[in-house]
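Engineer: Below: one structure in structure tokens.
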Amino acid sequence: MQKILRRVATAERVATKRAKMKDMKWFKKDKKETSEHHRQQLHLAKAEFSDAKQAIKDDWELGPLAPRRDVGSWAGAKGSIHEARYATHGRVTLAMRNRRCQWAGGAYNLNLAIGDRVVLIDGPDKGRIGKIAKIDHDKAEVMVDGLNKSNIRLDPEVRSEDDPPIINMEIPLPISAIRLVHPIQDPATGVTRDVIINQLVHSGMIHDRVTGKRRWSRVVPGLNVSIPWPRQEEPEIKDHSCDTLRIHVEEKTFVPTLLRPPMPESLIDELRNKYSRFRTRHDPEYIARLEAAEQAKEDRKKLMDSMRTPLQELHRAERANKKKKGKPRLTQEMLEKIGEVMARNLERTRNAQALPDAPSSSSTTATPTPAATTPPSETVPEETQPPPPSP
């Protein structure tokens with residue numbers, strides 16, 4: 001038993017070691033890819049800054065002789081951000097997300113929602129207030145409506161000839177660069193004004209087992225003030241000419257009875273599989289394809305029948321002749337001959353059955369002499385010779 005326990009403990013240690021090695025390998029690979037992505041982003045940003053500095057230096061030193069940089073694919077897009085720098089991004093780890101969302105309750109239970117009023121504490125629009133338009137939980141970034149805008153260069157292969165070379169749009173901001181703004185009443189003066197909230201925690205966590213969703217309240221620590229969630233506006237849905245209206249869906253156009261199925265038979269055929277064996281109506285192309293396949297099988301069978309060896313041809317001819325003659329019929333003479341053979345066989349069978357009884361009777365009694373066995377009144381006739389033939 002101790003030997004078995006030692007083996008089990010060794011197996012558990014080996015499995016734990018393998019799991020740790022696997023996790024460490026995945027962690028190193030993920031860290032390497034993340035570092036490479038960040039390095040590429042920094043290299044691209046440094047290259048753009050270097051080009052901008054060189055352009056300023058050339059304009060200062062060369063004046064009218066400075067090389068033009070707003071030509072080619074960058075025509076009309078001077079000072080904009082490269083589309084590759086905006087579209088691609090480095091991978092954000094869980095630790096980075098938690099650091100960005102530390103003031104808002106963490107990355108898992110983020111106390112921010114679309115529609116919240118926030119203030120920017122970093123960037124060119126520092127100090128301005130706007131509403132959150134989009135939240136990216138994977139990167140812990142938000143987009144504020146109308147703030148932190150920049151010009152993005154569009155590649156000529158992406159845009160059409162009529163589109164401008166640049167587009168002005170919002171750039172995502174990390175959650176650490178914003179703070180929540182909410183009106184709170186001052187208990188001393190009774191004046192309500194906007195207050196910048198630097199810390200939020202969650203309380204009253206409720207987990208719904210049916211839907212799998214979680215609900216909680218966000219509270220300002222120290223003040224014990226609950227910040228209500230923003231009201232989500234329902235999207236306005238417009239009716240189009242191609243839409244199916246609800247009044248048409250709820251209209252009763254078919255009433256089933258006990259004498260017919262709950263839906264038309266044609267609808268049943270349409271709902272079934274196109275190649276189902278229970279389908280009673282098929283497309284003409286499908287029927288023609290099946291008939292062509294059956295005809296191909298028959299033609300192949302006829303071709304195989306036509307390809308025979310001489311021996312097969314002889315056997316086929318013999319079978320045909322035998323079938324042509326039909327079954328043989330017994331004549332009167334044949335029946336008489338069969339009767340004679342049957343009678344002879346019957347007599348031979350009876351004689352064979354009587355032979356075993358004779359030795360048993362002779363063994364029990366004495367064998368009589370011919371004189372004793374012949375009755376006195378009877379005389380043995382003498383053998384006579386046949387008459388000579390007539391001349």
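For the structure tokens, the naming scheme is as follows: chains receive sequential letters (A, B, ...) according to their order of presentation, residues are indexed from 1 within each chain, and ligands are indexed from 1 in presentation order.
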Just asking: which residues within stretch 196-378 of chain A are alpha helix (DSSP H) according to DSSP, as an NGL selection string?

Structural biologist: :A and (246-250 or 265-271 or 284-306 or 310-325 or 332-354 or 357-364 or 370-373)

Engineer: When DSSP is applied to the backbone of this structure, which of stretch 10-241 of chain A are assigned strand (DSSP E)? Write them out as a ChimeraX atom specification.

Structural biologist: /A:117-120,129-136,141-144,149-153,166-170,173-174,178-185,192-197,201-207,214-220,225-227

Engineer: Hey, can you spit out that residue selection with C-alpha atoms as a PDB file, in the first residue's frame?

Structural biologist:
```pdb
ATOM      1  CA  ARG A 117     -20.379  61.792 -18.282  1.00  0.00           C
ATOM      2  CA  VAL A 118     -16.608  61.772 -17.890  1.00  0.00           C
ATOM      3  CA  VAL A 119     -13.829  64.340 -17.872  1.00  0.00           C
ATOM      4  CA  LEU A 120     -10.502  63.916 -19.642  1.00  0.00           C
ATOM      5  CA  ILE A 129     -16.454  66.781 -20.375  1.00  0.00           C
ATOM      6  CA  GLY A 130     -18.199  64.364 -22.700  1.00  0.00           C
ATOM      7  CA  LYS A 131     -20.283  61.184 -22.779  1.00  0.00           C
ATOM      8  CA  ILE A 132     -18.902  57.691 -23.254  1.00  0.00           C
ATOM      9  CA  ALA A 133     -19.855  56.420 -26.707  1.00  0.00           C
ATOM     10  CA  LYS A 134     -18.093  53.028 -26.661  1.00  0.00           C
ATOM     11  CA  ILE A 135     -16.287  50.789 -24.156  1.00  0.00           C
ATOM     12  CA  ASP A 136     -13.709  48.201 -25.218  1.00  0.00           C
ATOM     13  CA  GLU A 141     -10.338  51.765 -23.505  1.00  0.00           C
ATOM     14  CA  VAL A 142     -13.249  54.092 -24.114  1.00  0.00           C
ATOM     15  CA  MET A 143     -14.289  56.489 -26.846  1.00  0.00           C
ATOM     16  CA  VAL A 144     -15.717  59.810 -25.709  1.00  0.00           C
ATOM     17  CA  LYS A 149     -10.296  63.539 -32.201  1.00  0.00           C
ATOM     18  CA  SER A 150      -7.509  63.239 -34.719  1.00  0.00           C
ATOM     19  CA  ASN A 151      -6.996  63.032 -38.474  1.00  0.00           C
ATOM     20  CA  ILE A 152      -6.505  59.503 -39.796  1.00  0.00           C
ATOM     21  CA  ARG A 153      -4.963  59.043 -43.229  1.00  0.00           C
ATOM     22  CA  ILE A 166      -8.122  62.056 -44.256  1.00  0.00           C
ATOM     23  CA  ILE A 167     -10.987  61.442 -41.846  1.00  0.00           C
ATOM     24  CA  ASN A 168     -11.504  63.144 -38.498  1.00  0.00           C
ATOM     25  CA  MET A 169     -12.653  60.689 -35.818  1.00  0.00           C
ATOM     26  CA  GLU A 170     -12.376  59.879 -32.131  1.00  0.00           C
ATOM     27  CA  LEU A 173      -8.550  56.591 -24.578  1.00  0.00           C
ATOM     28  CA  PRO A 174      -7.428  54.357 -21.713  1.00  0.00           C
ATOM     29  CA  ILE A 178     -10.787  59.745 -17.635  1.00  0.00           C
ATOM     30  CA  ARG A 179     -12.787  60.279 -14.459  1.00  0.00           C
ATOM     31  CA  LEU A 180     -16.490  60.079 -13.786  1.00  0.00           C
ATOM     32  CA  VAL A 181     -18.452  63.325 -13.415  1.00  0.00           C
ATOM     33  CA  HIS A 182     -21.731  63.292 -11.477  1.00  0.00           C
ATOM     34  CA  PRO A 183     -23.827  66.044  -9.799  1.00  0.00           C
ATOM     35  CA  ILE A 184     -23.759  65.733  -6.008  1.00  0.00           C
ATOM     36  CA  GLN A 185     -25.477  68.003  -3.495  1.00  0.00           C
ATOM     37  CA  THR A 192     -25.780  70.693  -6.413  1.00  0.00           C
ATOM     38  CA  ARG A 193     -22.790  70.783  -8.717  1.00  0.00           C
ATOM     39  CA  ASP A 194     -20.704  68.461 -10.848  1.00  0.00           C
ATOM     40  CA  VAL A 195     -18.056  66.583  -8.909  1.00  0.00           C
ATOM     41  CA  ILE A 196     -15.125  64.604 -10.292  1.00  0.00           C
ATOM     42  CA  ILE A 197     -15.196  61.117  -8.753  1.00  0.00           C
ATOM     43  CA  VAL A 201     -16.439  50.531  -5.757  1.00  0.00           C
ATOM     44  CA  HIS A 202     -19.208  48.032  -6.347  1.00  0.00           C
ATOM     45  CA  SER A 203     -21.661  46.809  -3.717  1.00  0.00           C
ATOM     46  CA  GLY A 204     -24.755  44.637  -3.559  1.00  0.00           C
ATOM     47  CA  MET A 205     -23.539  42.126  -6.158  1.00  0.00           C
ATOM     48  CA  ILE A 206     -26.429  39.996  -7.499  1.00  0.00           C
ATOM     49  CA  HIS A 207     -25.771  37.027  -9.780  1.00  0.00           C
ATOM     50  CA  ARG A 214     -24.482  40.177 -12.723  1.00  0.00           C
ATOM     51  CA  ARG A 215     -25.934  43.350 -11.311  1.00  0.00           C
ATOM     52  CA  TRP A 216     -24.464  45.647  -8.706  1.00  0.00           C
ATOM     53  CA  SER A 217     -24.489  49.232  -7.490  1.00  0.00           C
ATOM     54  CA  ARG A 218     -21.573  51.637  -7.766  1.00  0.00           C
ATOM     55  CA  VAL A 219     -20.765  53.604  -4.660  1.00  0.00           C
ATOM     56  CA  VAL A 220     -18.333  56.422  -3.857  1.00  0.00           C
ATOM     57  CA  VAL A 225     -23.203  57.910  -2.219  1.00  0.00           C
ATOM     58  CA  SER A 226     -24.698  55.552  -4.805  1.00  0.00           C
ATOM     59  CA  ILE A 227     -24.194  56.681  -8.387  1.00  0.00           C
TER      60      ILE A 227
END
```

Engineer: Quick one: everything within 12 Å of stretch 69-83 of chain A, counting only C-alpha atoms, minus sequence neighbours fewer than 6 positions away in the same chain. Send it as an NGL selection string.

Structural biologist: :A and (41 or 44-45 or 47-49 or 51-56 or 58-59 or 89 or 149-159 or 163-169 or 171)

Engineer: Write the residues of the preceding selection, restricted to N, CA, C and O atoms, as a compact mmCIF listing (two decimals), in the first residue's frame.

Structural biologist:
```txt
# COMPACT_ATOMS: atom_id res chain seq x y z
N GLN A 41 4.48 49.35 -32.26
CA GLN A 41 3.75 50.59 -32.12
C GLN A 41 4.69 51.75 -31.78
O GLN A 41 4.59 52.84 -32.35
N LEU A 44 6.71 52.68 -34.88
CA LEU A 44 5.93 53.45 -35.85
C LEU A 44 5.72 54.88 -35.37
O LEU A 44 5.84 55.84 -36.15
N ALA A 45 5.43 55.05 -34.07
CA ALA A 45 5.22 56.40 -33.54
C ALA A 45 6.52 57.20 -33.58
O ALA A 45 6.53 58.39 -33.95
N ALA A 47 8.98 56.81 -35.66
CA ALA A 47 9.27 57.15 -37.06
C ALA A 47 8.46 58.36 -37.51
O ALA A 47 8.98 59.25 -38.20
N GLU A 48 7.18 58.43 -37.10
CA GLU A 48 6.37 59.58 -37.47
C GLU A 48 6.87 60.86 -36.79
O GLU A 48 6.92 61.92 -37.42
N PHE A 49 7.25 60.75 -35.53
CA PHE A 49 7.79 61.93 -34.83
C PHE A 49 9.11 62.38 -35.47
O PHE A 49 9.37 63.58 -35.63
N ASP A 51 10.02 61.94 -38.60
CA ASP A 51 9.73 62.57 -39.90
C ASP A 51 9.19 63.99 -39.70
O ASP A 51 9.53 64.91 -40.45
N ALA A 52 8.32 64.17 -38.69
CA ALA A 52 7.77 65.51 -38.44
C ALA A 52 8.86 66.48 -38.01
O ALA A 52 8.91 67.65 -38.46
N LYS A 53 9.77 66.03 -37.14
CA LYS A 53 10.87 66.90 -36.72
C LYS A 53 11.79 67.25 -37.89
O LYS A 53 12.25 68.40 -38.04
N GLN A 54 12.06 66.25 -38.76
CA GLN A 54 12.91 66.51 -39.92
C GLN A 54 12.25 67.49 -40.87
O GLN A 54 12.93 68.34 -41.48
N ALA A 55 10.92 67.39 -41.01
CA ALA A 55 10.21 68.33 -41.88
C ALA A 55 10.31 69.75 -41.34
O ALA A 55 10.52 70.71 -42.11
N ILE A 56 10.16 69.92 -40.03
CA ILE A 56 10.28 71.26 -39.44
C ILE A 56 11.71 71.79 -39.61
O ILE A 56 11.93 72.98 -39.93
N ASP A 58 13.84 70.96 -41.98
CA ASP A 58 14.08 71.30 -43.38
C ASP A 58 13.41 72.61 -43.75
O ASP A 58 13.97 73.43 -44.50
N ASP A 59 12.19 72.83 -43.25
CA ASP A 59 11.51 74.09 -43.53
C ASP A 59 12.28 75.29 -42.95
O ASP A 59 12.31 76.37 -43.54
N HIS A 89 -2.98 47.43 -32.89
CA HIS A 89 -2.71 47.80 -31.50
C HIS A 89 -2.03 46.63 -30.82
O HIS A 89 -2.14 45.47 -31.24
N LYS A 149 -10.22 63.82 -30.78
CA LYS A 149 -10.30 63.54 -32.20
C LYS A 149 -8.94 63.77 -32.85
O LYS A 149 -8.11 64.54 -32.37
N SER A 150 -8.75 63.08 -33.97
CA SER A 150 -7.51 63.24 -34.72
C SER A 150 -7.77 62.88 -36.17
O SER A 150 -8.76 62.21 -36.50
N ASN A 151 -6.87 63.32 -37.05
CA ASN A 151 -7.00 63.03 -38.47
C ASN A 151 -6.29 61.72 -38.80
O ASN A 151 -5.11 61.54 -38.49
N ILE A 152 -7.02 60.81 -39.41
CA ILE A 152 -6.50 59.50 -39.80
C ILE A 152 -6.37 59.47 -41.31
O ILE A 152 -7.33 59.77 -42.03
N ARG A 153 -5.17 59.13 -41.78
CA ARG A 153 -4.96 59.04 -43.23
C ARG A 153 -5.56 57.75 -43.76
O ARG A 153 -5.43 56.68 -43.16
N LEU A 154 -6.26 57.87 -44.89
CA LEU A 154 -6.85 56.71 -45.55
C LEU A 154 -6.00 56.34 -46.76
O LEU A 154 -5.64 57.21 -47.56
N ASP A 155 -5.69 55.08 -46.86
CA ASP A 155 -4.89 54.61 -47.99
C ASP A 155 -5.67 54.76 -49.28
O ASP A 155 -6.89 54.55 -49.31
N PRO A 156 -5.02 55.13 -50.39
CA PRO A 156 -5.76 55.27 -51.65
C PRO A 156 -6.47 54.00 -52.09
O PRO A 156 -7.47 54.07 -52.82
N GLU A 157 -5.97 52.83 -51.68
CA GLU A 157 -6.63 51.59 -52.06
C GLU A 157 -7.92 51.36 -51.29
O GLU A 157 -8.78 50.60 -51.73
N VAL A 158 -8.06 52.03 -50.15
CA VAL A 158 -9.25 51.84 -49.32
C VAL A 158 -10.36 52.81 -49.70
O VAL A 158 -11.53 52.44 -49.76
N ARG A 159 -10.02 54.04 -49.95
CA ARG A 159 -11.01 55.06 -50.25
C ARG A 159 -11.22 55.18 -51.76
O ARG A 159 -10.40 54.73 -52.56
N ASP A 163 -13.65 60.44 -52.08
CA ASP A 163 -13.49 60.56 -50.63
C ASP A 163 -12.25 61.40 -50.31
O ASP A 163 -11.25 61.37 -51.04
N PRO A 164 -12.28 62.12 -49.19
CA PRO A 164 -11.10 62.92 -48.81
C PRO A 164 -9.97 61.99 -48.35
O PRO A 164 -10.20 60.86 -47.90
N PRO A 165 -8.73 62.46 -48.41
CA PRO A 165 -7.60 61.61 -48.01
C PRO A 165 -7.51 61.39 -46.51
O PRO A 165 -6.82 60.47 -46.07
N ILE A 166 -8.16 62.21 -45.71
CA ILE A 166 -8.12 62.06 -44.26
C ILE A 166 -9.54 62.03 -43.72
O ILE A 166 -10.48 62.52 -44.36
N ILE A 167 -9.69 61.47 -42.53
CA ILE A 167 -10.99 61.44 -41.85
C ILE A 167 -10.76 61.82 -40.39
O ILE A 167 -9.81 61.35 -39.75
N ASN A 168 -11.62 62.68 -39.87
CA ASN A 168 -11.50 63.14 -38.50
C ASN A 168 -12.43 62.30 -37.62
O ASN A 168 -13.65 62.28 -37.82
N MET A 169 -11.86 61.59 -36.66
CA MET A 169 -12.65 60.69 -35.82
C MET A 169 -12.03 60.59 -34.43
O MET A 169 -10.89 61.02 -34.21
N ILE A 171 -10.38 58.96 -31.18
CA ILE A 171 -9.36 57.95 -30.90
C ILE A 171 -9.61 57.39 -29.50
O ILE A 171 -9.91 58.16 -28.58
```

Engineer: When you draw a straight line from atom CA of A:Ala15 to atom CA of A:Lys28, how long is it in Å?

Structural biologist: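 Computing the Euclidean distance for atom CA of A:Ala15 and atom CA of A:Lys28 yields 19.9 Å.
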
Engineer: Just to confirm, what's the straight-line distance from atom CA of A:Gly105 to atom CA of A:Val92 in Å (one decimal)?

Structural biologist: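 Computed distance, atom CA of A:Gly105 to atom CA of A:Val92, equals 17.8 Å.
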
Engineer: Could you jot down the atom CA of A:Arg308 to atom CA of A:Asn321 separation for me, Å, one decimal place?

Structural biologist: 18.0 Å
